[in-house]
$ cat entry.cif   # mmCIF, N, CA and C atoms
data_start
#
loop_
_atom_site.label_atom_id
_atom_site.label_comp_id
_atom_site.auth_asym_id
_atom_site.auth_seq_id
_atom_site.Cartn_x
_atom_site.Cartn_y
_atom_site.Cartn_z
N VAL A 1 0.25 -2.38 -265.71
CA VAL A 1 0.70 -2.49 -264.33
C VAL A 1 2.22 -2.45 -264.34
N GLY A 2 2.79 -1.54 -263.59
CA GLY A 2 4.24 -1.40 -263.53
C GLY A 2 4.84 -2.44 -262.63
N ALA A 3 6.13 -2.64 -262.77
CA ALA A 3 6.84 -3.61 -261.94
C ALA A 3 7.01 -3.08 -260.53
N ALA A 4 6.82 -3.94 -259.56
CA ALA A 4 6.99 -3.55 -258.15
C ALA A 4 8.48 -3.44 -257.85
N PRO A 5 8.86 -2.49 -256.97
CA PRO A 5 10.27 -2.39 -256.61
C PRO A 5 10.71 -3.62 -255.85
N GLU A 6 11.97 -3.94 -255.96
CA GLU A 6 12.50 -5.08 -255.25
C GLU A 6 12.46 -4.81 -253.76
N VAL A 7 12.08 -5.84 -252.98
CA VAL A 7 11.97 -5.70 -251.54
C VAL A 7 13.29 -5.30 -250.92
N GLY A 8 14.37 -5.93 -251.31
CA GLY A 8 15.69 -5.62 -250.74
C GLY A 8 16.07 -4.17 -250.96
N ALA A 9 15.75 -3.64 -252.13
CA ALA A 9 16.10 -2.25 -252.44
C ALA A 9 15.32 -1.29 -251.55
N ALA A 10 14.05 -1.56 -251.34
CA ALA A 10 13.24 -0.69 -250.49
C ALA A 10 13.74 -0.73 -249.05
N GLN A 11 14.09 -1.91 -248.57
CA GLN A 11 14.57 -2.02 -247.20
C GLN A 11 15.89 -1.30 -247.04
N GLU A 12 16.79 -1.44 -248.00
CA GLU A 12 18.08 -0.76 -247.90
C GLU A 12 17.89 0.74 -247.88
N THR A 13 16.98 1.26 -248.69
CA THR A 13 16.72 2.69 -248.72
C THR A 13 16.22 3.17 -247.38
N GLY A 14 15.25 2.46 -246.78
CA GLY A 14 14.71 2.86 -245.48
C GLY A 14 15.77 2.85 -244.41
N VAL A 15 16.61 1.83 -244.41
CA VAL A 15 17.67 1.74 -243.41
C VAL A 15 18.67 2.86 -243.58
N ALA A 16 19.06 3.12 -244.81
CA ALA A 16 20.04 4.18 -245.05
C ALA A 16 19.49 5.53 -244.63
N GLU A 17 18.21 5.79 -244.94
CA GLU A 17 17.62 7.06 -244.55
C GLU A 17 17.58 7.20 -243.04
N ALA A 18 17.14 6.14 -242.34
CA ALA A 18 17.05 6.21 -240.89
C ALA A 18 18.42 6.33 -240.26
N ALA A 19 19.37 5.53 -240.74
CA ALA A 19 20.71 5.56 -240.17
C ALA A 19 21.39 6.89 -240.48
N GLY A 20 21.16 7.43 -241.68
CA GLY A 20 21.77 8.69 -242.06
C GLY A 20 21.23 9.85 -241.24
N SER A 21 19.95 9.79 -240.88
CA SER A 21 19.37 10.88 -240.12
C SER A 21 19.80 10.85 -238.67
N ALA A 22 20.10 9.65 -238.13
CA ALA A 22 20.50 9.47 -236.74
C ALA A 22 19.59 10.23 -235.79
N GLY A 23 18.30 10.21 -236.11
CA GLY A 23 17.32 10.91 -235.28
C GLY A 23 17.04 10.16 -233.99
N GLU A 24 16.26 10.80 -233.16
CA GLU A 24 15.84 10.19 -231.90
C GLU A 24 14.35 9.93 -231.98
N ALA A 25 13.94 8.72 -231.61
CA ALA A 25 12.53 8.36 -231.62
C ALA A 25 12.25 7.53 -230.38
N ASP A 26 11.04 7.66 -229.86
CA ASP A 26 10.63 6.93 -228.66
C ASP A 26 9.49 6.00 -229.06
N LEU A 27 9.80 4.72 -229.24
CA LEU A 27 8.81 3.74 -229.68
C LEU A 27 8.12 3.09 -228.49
N SER A 28 6.84 2.77 -228.65
CA SER A 28 6.11 2.03 -227.62
C SER A 28 5.06 1.16 -228.32
N TYR A 29 4.53 0.21 -227.58
CA TYR A 29 3.55 -0.73 -228.12
C TYR A 29 2.43 -0.90 -227.11
N HIS A 30 1.21 -0.86 -227.61
CA HIS A 30 0.04 -1.07 -226.76
C HIS A 30 -0.89 -2.03 -227.48
N GLY A 31 -1.60 -2.84 -226.70
CA GLY A 31 -2.50 -3.78 -227.33
C GLY A 31 -3.14 -4.70 -226.32
N SER A 32 -3.55 -5.87 -226.81
CA SER A 32 -4.20 -6.85 -225.95
C SER A 32 -3.88 -8.25 -226.42
N ALA A 33 -4.04 -9.19 -225.49
CA ALA A 33 -3.88 -10.61 -225.79
C ALA A 33 -5.02 -11.37 -225.12
N VAL A 34 -5.60 -12.30 -225.84
CA VAL A 34 -6.70 -13.13 -225.33
C VAL A 34 -6.32 -14.58 -225.57
N MET A 35 -6.41 -15.42 -224.51
CA MET A 35 -6.11 -16.84 -224.68
C MET A 35 -7.34 -17.67 -224.32
N ALA A 36 -7.66 -18.62 -225.18
CA ALA A 36 -8.77 -19.55 -224.96
C ALA A 36 -8.40 -20.89 -225.60
N GLY A 37 -8.28 -21.92 -224.78
CA GLY A 37 -8.01 -23.26 -225.30
C GLY A 37 -6.70 -23.39 -226.04
N GLY A 38 -5.68 -22.65 -225.62
CA GLY A 38 -4.38 -22.74 -226.26
C GLY A 38 -4.21 -21.83 -227.47
N ARG A 39 -5.27 -21.12 -227.83
CA ARG A 39 -5.21 -20.15 -228.93
C ARG A 39 -5.02 -18.76 -228.34
N VAL A 40 -4.03 -18.02 -228.85
CA VAL A 40 -3.78 -16.66 -228.35
C VAL A 40 -3.98 -15.68 -229.50
N ASP A 41 -4.91 -14.75 -229.31
CA ASP A 41 -5.16 -13.68 -230.28
C ASP A 41 -4.49 -12.41 -229.76
N VAL A 42 -3.64 -11.82 -230.59
CA VAL A 42 -2.88 -10.63 -230.19
C VAL A 42 -3.21 -9.49 -231.14
N ARG A 43 -3.44 -8.32 -230.56
CA ARG A 43 -3.59 -7.06 -231.29
C ARG A 43 -2.58 -6.10 -230.70
N LEU A 44 -1.76 -5.52 -231.56
CA LEU A 44 -0.64 -4.69 -231.12
C LEU A 44 -0.56 -3.45 -232.00
N THR A 45 -0.47 -2.28 -231.39
CA THR A 45 -0.34 -1.04 -232.15
C THR A 45 0.96 -0.35 -231.77
N PRO A 46 1.86 -0.13 -232.74
CA PRO A 46 3.10 0.60 -232.45
C PRO A 46 2.84 2.10 -232.45
N ARG A 47 3.61 2.81 -231.65
CA ARG A 47 3.51 4.28 -231.58
C ARG A 47 4.91 4.86 -231.53
N ASN A 48 5.10 5.99 -232.18
CA ASN A 48 6.35 6.72 -232.15
C ASN A 48 6.09 8.07 -231.49
N HIS A 49 6.65 8.26 -230.30
CA HIS A 49 6.47 9.51 -229.56
C HIS A 49 7.42 10.60 -230.06
N GLY A 50 8.27 10.28 -231.05
CA GLY A 50 9.14 11.28 -231.67
C GLY A 50 10.42 11.55 -230.90
N PRO A 51 11.15 12.55 -231.27
CA PRO A 51 10.78 13.62 -232.20
C PRO A 51 10.99 13.29 -233.68
N ALA A 52 11.75 12.26 -234.04
CA ALA A 52 12.03 11.96 -235.45
C ALA A 52 11.11 10.86 -235.98
N ASP A 53 10.86 10.88 -237.28
CA ASP A 53 10.15 9.79 -237.95
C ASP A 53 11.05 8.56 -237.99
N VAL A 54 10.44 7.38 -238.09
CA VAL A 54 11.17 6.12 -238.23
C VAL A 54 10.68 5.46 -239.52
N ALA A 55 11.62 5.15 -240.42
CA ALA A 55 11.26 4.56 -241.72
C ALA A 55 10.65 3.16 -241.55
N ASP A 56 11.11 2.41 -240.57
CA ASP A 56 10.61 1.06 -240.29
C ASP A 56 11.24 0.61 -238.99
N SER A 57 10.62 -0.32 -238.31
CA SER A 57 11.21 -0.90 -237.11
C SER A 57 10.70 -2.33 -236.98
N THR A 58 11.26 -3.07 -236.04
CA THR A 58 10.89 -4.47 -235.83
C THR A 58 10.56 -4.70 -234.37
N VAL A 59 9.40 -5.29 -234.12
CA VAL A 59 8.97 -5.64 -232.77
C VAL A 59 9.01 -7.16 -232.62
N ARG A 60 9.41 -7.62 -231.42
CA ARG A 60 9.48 -9.06 -231.14
C ARG A 60 8.45 -9.41 -230.08
N LEU A 61 7.77 -10.54 -230.27
CA LEU A 61 6.85 -11.09 -229.28
C LEU A 61 7.39 -12.46 -228.89
N ARG A 62 7.55 -12.66 -227.57
CA ARG A 62 8.06 -13.94 -227.06
C ARG A 62 7.09 -14.48 -226.02
N TRP A 63 6.77 -15.75 -226.13
CA TRP A 63 5.88 -16.40 -225.18
C TRP A 63 6.68 -17.31 -224.26
N SER A 64 6.18 -17.52 -223.04
CA SER A 64 6.88 -18.38 -222.08
C SER A 64 6.69 -19.86 -222.41
N ALA A 65 5.80 -20.17 -223.31
CA ALA A 65 5.58 -21.54 -223.77
C ALA A 65 5.89 -21.60 -225.26
N PRO A 66 6.31 -22.77 -225.75
CA PRO A 66 6.59 -22.86 -227.19
C PRO A 66 5.31 -22.73 -228.02
N LEU A 67 5.46 -22.22 -229.21
CA LEU A 67 4.35 -22.17 -230.15
C LEU A 67 4.14 -23.56 -230.73
N ALA A 68 2.92 -23.87 -231.09
CA ALA A 68 2.62 -25.17 -231.69
C ALA A 68 3.38 -25.33 -233.00
N ALA A 69 3.71 -26.57 -233.33
CA ALA A 69 4.38 -26.86 -234.60
C ALA A 69 3.42 -26.54 -235.74
N GLY A 70 3.97 -26.23 -236.88
CA GLY A 70 3.13 -25.94 -238.03
C GLY A 70 2.86 -24.46 -238.17
N GLU A 71 1.93 -24.16 -239.06
CA GLU A 71 1.63 -22.77 -239.39
C GLU A 71 0.88 -22.06 -238.28
N GLN A 72 1.24 -20.80 -238.09
CA GLN A 72 0.53 -19.90 -237.20
C GLN A 72 -0.15 -18.86 -238.10
N ARG A 73 -1.14 -18.17 -237.59
CA ARG A 73 -1.83 -17.14 -238.37
C ARG A 73 -1.19 -15.79 -238.04
N LEU A 74 -0.14 -15.45 -238.79
CA LEU A 74 0.62 -14.24 -238.53
C LEU A 74 0.21 -13.13 -239.50
N ALA A 75 0.38 -11.90 -239.05
CA ALA A 75 0.10 -10.74 -239.90
C ALA A 75 1.15 -10.65 -241.01
N ALA A 76 0.82 -9.95 -242.07
CA ALA A 76 1.80 -9.67 -243.13
C ALA A 76 2.97 -8.91 -242.49
N GLY A 77 4.18 -9.27 -242.87
CA GLY A 77 5.35 -8.61 -242.30
C GLY A 77 5.85 -9.27 -241.03
N CYS A 78 5.22 -10.37 -240.62
CA CYS A 78 5.64 -11.10 -239.41
C CYS A 78 6.23 -12.45 -239.81
N ALA A 79 7.15 -12.95 -238.98
CA ALA A 79 7.76 -14.25 -239.23
C ALA A 79 8.11 -14.90 -237.90
N ARG A 80 7.93 -16.19 -237.86
CA ARG A 80 8.35 -16.96 -236.69
C ARG A 80 9.87 -17.10 -236.75
N THR A 81 10.54 -16.78 -235.64
CA THR A 81 12.00 -16.82 -235.63
C THR A 81 12.57 -17.79 -234.62
N GLY A 82 11.73 -18.52 -233.92
CA GLY A 82 12.19 -19.50 -232.95
C GLY A 82 11.00 -20.27 -232.40
N ARG A 83 11.29 -21.16 -231.46
CA ARG A 83 10.23 -21.99 -230.87
C ARG A 83 9.15 -21.16 -230.18
N GLN A 84 9.55 -20.01 -229.63
CA GLN A 84 8.63 -19.21 -228.81
C GLN A 84 8.56 -17.76 -229.26
N GLU A 85 8.96 -17.47 -230.49
CA GLU A 85 9.19 -16.07 -230.87
C GLU A 85 8.70 -15.75 -232.27
N VAL A 86 8.14 -14.53 -232.40
CA VAL A 86 7.71 -13.98 -233.68
C VAL A 86 8.22 -12.55 -233.75
N VAL A 87 8.69 -12.12 -234.92
CA VAL A 87 9.06 -10.72 -235.13
C VAL A 87 8.19 -10.14 -236.24
N CYS A 88 7.92 -8.82 -236.13
CA CYS A 88 7.06 -8.15 -237.10
C CYS A 88 7.61 -6.78 -237.46
N ARG A 89 7.51 -6.42 -238.73
CA ARG A 89 7.81 -5.06 -239.17
C ARG A 89 6.66 -4.16 -238.73
N THR A 90 6.99 -2.95 -238.32
CA THR A 90 5.94 -2.00 -237.98
C THR A 90 5.54 -1.15 -239.17
N GLY A 91 6.42 -1.05 -240.16
CA GLY A 91 6.20 -0.09 -241.23
C GLY A 91 6.62 1.29 -240.75
N PRO A 92 6.44 2.31 -241.58
CA PRO A 92 6.87 3.66 -241.20
C PRO A 92 6.07 4.18 -240.00
N LEU A 93 6.76 4.89 -239.13
CA LEU A 93 6.13 5.50 -237.95
C LEU A 93 6.50 6.98 -237.92
N VAL A 94 5.52 7.85 -238.16
CA VAL A 94 5.79 9.28 -238.11
C VAL A 94 5.89 9.73 -236.66
N ALA A 95 6.62 10.80 -236.43
CA ALA A 95 6.77 11.35 -235.08
C ALA A 95 5.39 11.71 -234.53
N ASP A 96 5.17 11.37 -233.26
CA ASP A 96 3.89 11.61 -232.59
C ASP A 96 2.73 10.94 -233.31
N GLY A 97 3.01 9.78 -233.92
CA GLY A 97 1.98 9.09 -234.67
C GLY A 97 1.84 7.63 -234.26
N VAL A 98 0.74 7.05 -234.69
CA VAL A 98 0.42 5.65 -234.42
C VAL A 98 0.57 4.87 -235.71
N GLY A 99 1.18 3.69 -235.63
CA GLY A 99 1.34 2.83 -236.79
C GLY A 99 0.13 1.95 -237.02
N GLU A 100 0.23 1.11 -238.03
CA GLU A 100 -0.85 0.17 -238.34
C GLU A 100 -0.89 -0.94 -237.31
N GLN A 101 -2.10 -1.34 -236.94
CA GLN A 101 -2.28 -2.41 -235.97
C GLN A 101 -1.77 -3.73 -236.54
N ILE A 102 -1.10 -4.50 -235.71
CA ILE A 102 -0.60 -5.83 -236.06
C ILE A 102 -1.51 -6.84 -235.36
N VAL A 103 -2.10 -7.75 -236.12
CA VAL A 103 -3.03 -8.73 -235.57
C VAL A 103 -2.52 -10.12 -235.92
N MET A 104 -2.49 -11.00 -234.92
CA MET A 104 -2.06 -12.38 -235.18
C MET A 104 -2.78 -13.34 -234.25
N ARG A 105 -2.79 -14.60 -234.65
CA ARG A 105 -3.33 -15.68 -233.83
C ARG A 105 -2.28 -16.77 -233.82
N VAL A 106 -1.87 -17.17 -232.61
CA VAL A 106 -0.91 -18.27 -232.47
C VAL A 106 -1.53 -19.35 -231.59
N TRP A 107 -1.03 -20.55 -231.75
CA TRP A 107 -1.50 -21.67 -230.96
C TRP A 107 -0.35 -22.19 -230.10
N LEU A 108 -0.70 -22.58 -228.87
CA LEU A 108 0.25 -23.15 -227.93
C LEU A 108 -0.17 -24.59 -227.66
N PRO A 109 0.75 -25.55 -227.73
CA PRO A 109 0.37 -26.95 -227.50
C PRO A 109 0.05 -27.19 -226.02
N GLY A 110 -0.81 -28.15 -225.78
CA GLY A 110 -1.10 -28.57 -224.41
C GLY A 110 -2.04 -27.68 -223.64
N ARG A 111 -2.61 -26.66 -224.26
CA ARG A 111 -3.58 -25.77 -223.62
C ARG A 111 -3.11 -25.29 -222.25
N PRO A 112 -2.03 -24.52 -222.16
CA PRO A 112 -1.55 -24.04 -220.86
C PRO A 112 -2.59 -23.14 -220.18
N ALA A 113 -2.59 -23.14 -218.85
CA ALA A 113 -3.52 -22.32 -218.07
C ALA A 113 -3.13 -20.84 -218.11
N GLU A 114 -1.84 -20.59 -218.33
CA GLU A 114 -1.35 -19.21 -218.41
C GLU A 114 -0.07 -19.17 -219.24
N VAL A 115 0.23 -17.99 -219.75
CA VAL A 115 1.46 -17.78 -220.51
C VAL A 115 1.85 -16.31 -220.32
N THR A 116 3.15 -16.05 -220.30
CA THR A 116 3.58 -14.66 -220.34
C THR A 116 4.01 -14.35 -221.77
N MET A 117 3.73 -13.12 -222.17
CA MET A 117 4.12 -12.66 -223.50
C MET A 117 4.95 -11.40 -223.31
N ALA A 118 6.17 -11.42 -223.82
CA ALA A 118 7.06 -10.26 -223.76
C ALA A 118 7.05 -9.57 -225.11
N VAL A 119 7.03 -8.24 -225.08
CA VAL A 119 7.02 -7.42 -226.29
C VAL A 119 8.19 -6.45 -226.19
N ASP A 120 9.03 -6.38 -227.22
CA ASP A 120 10.13 -5.41 -227.20
C ASP A 120 10.59 -5.07 -228.61
N THR A 121 11.30 -3.96 -228.72
CA THR A 121 11.85 -3.52 -230.00
C THR A 121 13.15 -4.27 -230.27
N VAL A 122 13.26 -4.87 -231.45
CA VAL A 122 14.50 -5.51 -231.87
C VAL A 122 15.35 -4.51 -232.64
N TRP A 123 14.70 -3.72 -233.49
CA TRP A 123 15.40 -2.76 -234.34
C TRP A 123 14.54 -1.52 -234.48
N GLY A 124 15.09 -0.37 -234.22
CA GLY A 124 14.36 0.89 -234.26
C GLY A 124 14.62 1.72 -235.49
N GLY A 125 15.00 1.11 -236.59
CA GLY A 125 15.19 1.84 -237.83
C GLY A 125 16.39 2.77 -237.83
N GLY A 126 17.34 2.53 -236.94
CA GLY A 126 18.52 3.38 -236.88
C GLY A 126 18.37 4.56 -235.95
N ALA A 127 17.17 4.80 -235.45
CA ALA A 127 16.95 5.92 -234.54
C ALA A 127 17.41 5.56 -233.13
N VAL A 128 17.79 6.56 -232.37
CA VAL A 128 18.18 6.38 -230.97
C VAL A 128 16.92 6.47 -230.12
N ASP A 129 16.71 5.50 -229.23
CA ASP A 129 15.57 5.51 -228.31
C ASP A 129 16.12 5.59 -226.90
N ARG A 130 16.06 6.75 -226.30
CA ARG A 130 16.61 6.96 -224.95
C ARG A 130 15.66 6.47 -223.86
N ASN A 131 14.43 6.15 -224.21
CA ASN A 131 13.45 5.67 -223.23
C ASN A 131 13.03 4.26 -223.61
N ARG A 132 13.88 3.29 -223.31
CA ARG A 132 13.58 1.89 -223.67
C ARG A 132 12.54 1.26 -222.75
N SER A 133 12.20 1.90 -221.64
CA SER A 133 11.27 1.30 -220.69
C SER A 133 9.87 1.12 -221.27
N ASN A 134 9.43 1.98 -222.18
CA ASN A 134 8.07 1.86 -222.69
C ASN A 134 7.96 1.00 -223.95
N ASP A 135 9.07 0.49 -224.46
CA ASP A 135 8.97 -0.44 -225.59
C ASP A 135 9.35 -1.85 -225.18
N ARG A 136 9.41 -2.10 -223.88
CA ARG A 136 9.64 -3.45 -223.33
C ARG A 136 8.54 -3.72 -222.31
N GLN A 137 7.67 -4.65 -222.64
CA GLN A 137 6.57 -4.97 -221.73
C GLN A 137 6.39 -6.48 -221.64
N THR A 138 5.87 -6.91 -220.50
CA THR A 138 5.52 -8.31 -220.30
C THR A 138 4.10 -8.36 -219.76
N VAL A 139 3.28 -9.22 -220.33
CA VAL A 139 1.90 -9.35 -219.89
C VAL A 139 1.61 -10.81 -219.58
N LEU A 140 0.92 -11.04 -218.46
CA LEU A 140 0.47 -12.38 -218.08
C LEU A 140 -0.91 -12.58 -218.70
N VAL A 141 -1.05 -13.67 -219.46
CA VAL A 141 -2.31 -13.96 -220.15
C VAL A 141 -2.83 -15.29 -219.61
N LEU A 142 -4.01 -15.25 -219.01
CA LEU A 142 -4.64 -16.46 -218.47
C LEU A 142 -5.60 -17.04 -219.50
N ASP A 143 -5.78 -18.35 -219.46
CA ASP A 143 -6.66 -19.05 -220.40
C ASP A 143 -8.11 -18.90 -219.93
N THR A 144 -8.63 -17.66 -220.03
CA THR A 144 -9.98 -17.35 -219.58
C THR A 144 -10.87 -16.84 -220.70
N GLY A 145 -10.27 -16.48 -221.84
CA GLY A 145 -11.03 -15.83 -222.89
C GLY A 145 -11.16 -14.33 -222.69
N ASP A 146 -10.57 -13.81 -221.59
CA ASP A 146 -10.60 -12.37 -221.31
C ASP A 146 -9.42 -11.68 -221.98
N ALA A 147 -9.61 -10.41 -222.30
CA ALA A 147 -8.53 -9.61 -222.89
C ALA A 147 -7.63 -9.07 -221.79
N TYR A 148 -6.34 -9.21 -221.97
CA TYR A 148 -5.33 -8.65 -221.07
C TYR A 148 -4.60 -7.57 -221.84
N PHE A 149 -4.65 -6.35 -221.31
CA PHE A 149 -4.13 -5.19 -222.02
C PHE A 149 -2.73 -4.83 -221.56
N PHE A 150 -1.93 -4.30 -222.47
CA PHE A 150 -0.58 -3.83 -222.15
C PHE A 150 -0.34 -2.52 -222.86
#

$ encode --input "entry.cif" --output "structure tokens"
Amino acid sequence: VGAAPEVGAAQETGVAEAAGSAGEADLSYHGSAVMAGGRVDVRLTPRNHGPADVADSTVRLRWSAPLAAGEQRLAAGCARTGRQEVVCRTGPLVADGVGEQIVMRVWLPGRPAEVTMAVDTVWGGGAVDRNRSNDRQTVLVLDTGDAYFF
């Protein structure tokens, strides 16, 4: 078994390639959120409408209520960055392609009846996105157990 490349080296390479290409990419996110008893299940799929490939990007999810203290069930490549916020790597996104689905489960204290969840791009891999309207969305999620799509 060969040695795995260092994470920092791979990230620097992806950033340099994306920044060096200075391409244009149009990122968007579609998915669903279901809340039941203070538990929120999120499924999110990134898409790159092109025209350039993106080596990697970062999507942020923010809730109107704080996340419960302690561990959340986050996807690989995701990290909690604040009381109400999680960021996730999308991985590479080819032009006119769909990325890997990001799945997570978070808990909110006090079982709120509703919460808003905002989704937006934090970093687009160095690519220019002239259409930011489709990578910024807000969805109202009610504590009904129903899926709310965005």

$ residues_around --input "entry.cif" --residues "A:Arg43" --least-positions-apart "5" --cutoff "12 Å" --atoms "only C-alpha atoms" --output "ChimeraX atom specification"
/A:29-34,61,74-75,100-106,119,147-150

$ resolve_selection --input "entry.cif" --expression "the PyMOL selection byres (((chain A and resi 48 and name CA) around 9) and name CA)" --output "list of chain:residue names"
A:Ala25, A:Asp26, A:Leu27, A:Ser28, A:Tyr29, A:Pro46, A:Arg47, A:His49, A:Gly50, A:Pro51, A:Ala52, A:Asp53, A:Val54, A:Leu93, A:Val94, A:Ala95, A:Asp96, A:Gly97, A:Val98, A:Gly99

$ resolve_selection --input "entry.cif" --expression "the PyMOL selection byres (((chain A and resi 83 and name CA) around 7) and name CA)" --output "list in words"
Pro66, Leu67, Gly82, Gln84 and Glu85 of chain A

$ atom_distance --input "entry.cif" --atom1 "atom N of A:Gly37" --atom2 "atom C of A:Val139"
15.8 Å

$ select_by_dssp --input "entry.cif" --residues "stretch 16-61 of chain A" --states "helix (DSSP H, G or I)" --output "ChimeraX atom specification"
/A:16-21

$ closest_residue --input "entry.cif" --among "A:Ala127, A:Met35, A:Met117, A:Val59" --to "A:Thr90" --atoms "only N, CA and C atoms"
A:Val59

$ resolve_selection --input "entry.cif" --expression "the PyMOL selection byres ((chain A and resi 55) around 6)" --output "short mmCIF file (atom, residue, chain, number, x, y, z; two decimals) with N, CA and C atoms, keeping the file's coordinate frame"
data_model
loop_
_atom_site.label_atom_id
_atom_site.label_comp_id
_atom_site.auth_asym_id
_atom_site.auth_seq_id
_atom_site.Cartn_x
_atom_site.Cartn_y
_atom_site.Cartn_z
N GLY A 14 15.25 2.46 -246.78
CA GLY A 14 14.71 2.86 -245.48
C GLY A 14 15.77 2.85 -244.41
N ALA A 18 17.14 6.14 -242.34
CA ALA A 18 17.05 6.21 -240.89
C ALA A 18 18.42 6.33 -240.26
N ASP A 53 10.86 10.88 -237.28
CA ASP A 53 10.15 9.79 -237.95
C ASP A 53 11.05 8.56 -237.99
N VAL A 54 10.44 7.38 -238.09
CA VAL A 54 11.17 6.12 -238.23
C VAL A 54 10.68 5.46 -239.52
N ASP A 56 11.11 2.41 -240.57
CA ASP A 56 10.61 1.06 -240.29
C ASP A 56 11.24 0.61 -238.99
N SER A 57 10.62 -0.32 -238.31
CA SER A 57 11.21 -0.90 -237.11
C SER A 57 10.70 -2.33 -236.98
N GLY A 91 6.42 -1.05 -240.16
CA GLY A 91 6.20 -0.09 -241.23
C GLY A 91 6.62 1.29 -240.75
N PRO A 92 6.44 2.31 -241.58
CA PRO A 92 6.87 3.66 -241.20
C PRO A 92 6.07 4.18 -240.00
N LEU A 93 6.76 4.89 -239.13
CA LEU A 93 6.13 5.50 -237.95
C LEU A 93 6.50 6.98 -237.92
N GLY A 125 15.00 1.11 -236.59
CA GLY A 125 15.19 1.84 -237.83
C GLY A 125 16.39 2.77 -237.83
#

$ select_by_dssp --input "entry.cif" --residues "chain A" --states "strand (DSSP E)" --output "PyMOL selection string"
chain A and resi 27-36+39-48+58-63+78-82+85-89+97-98+102-107+114-123+136-142+147-149
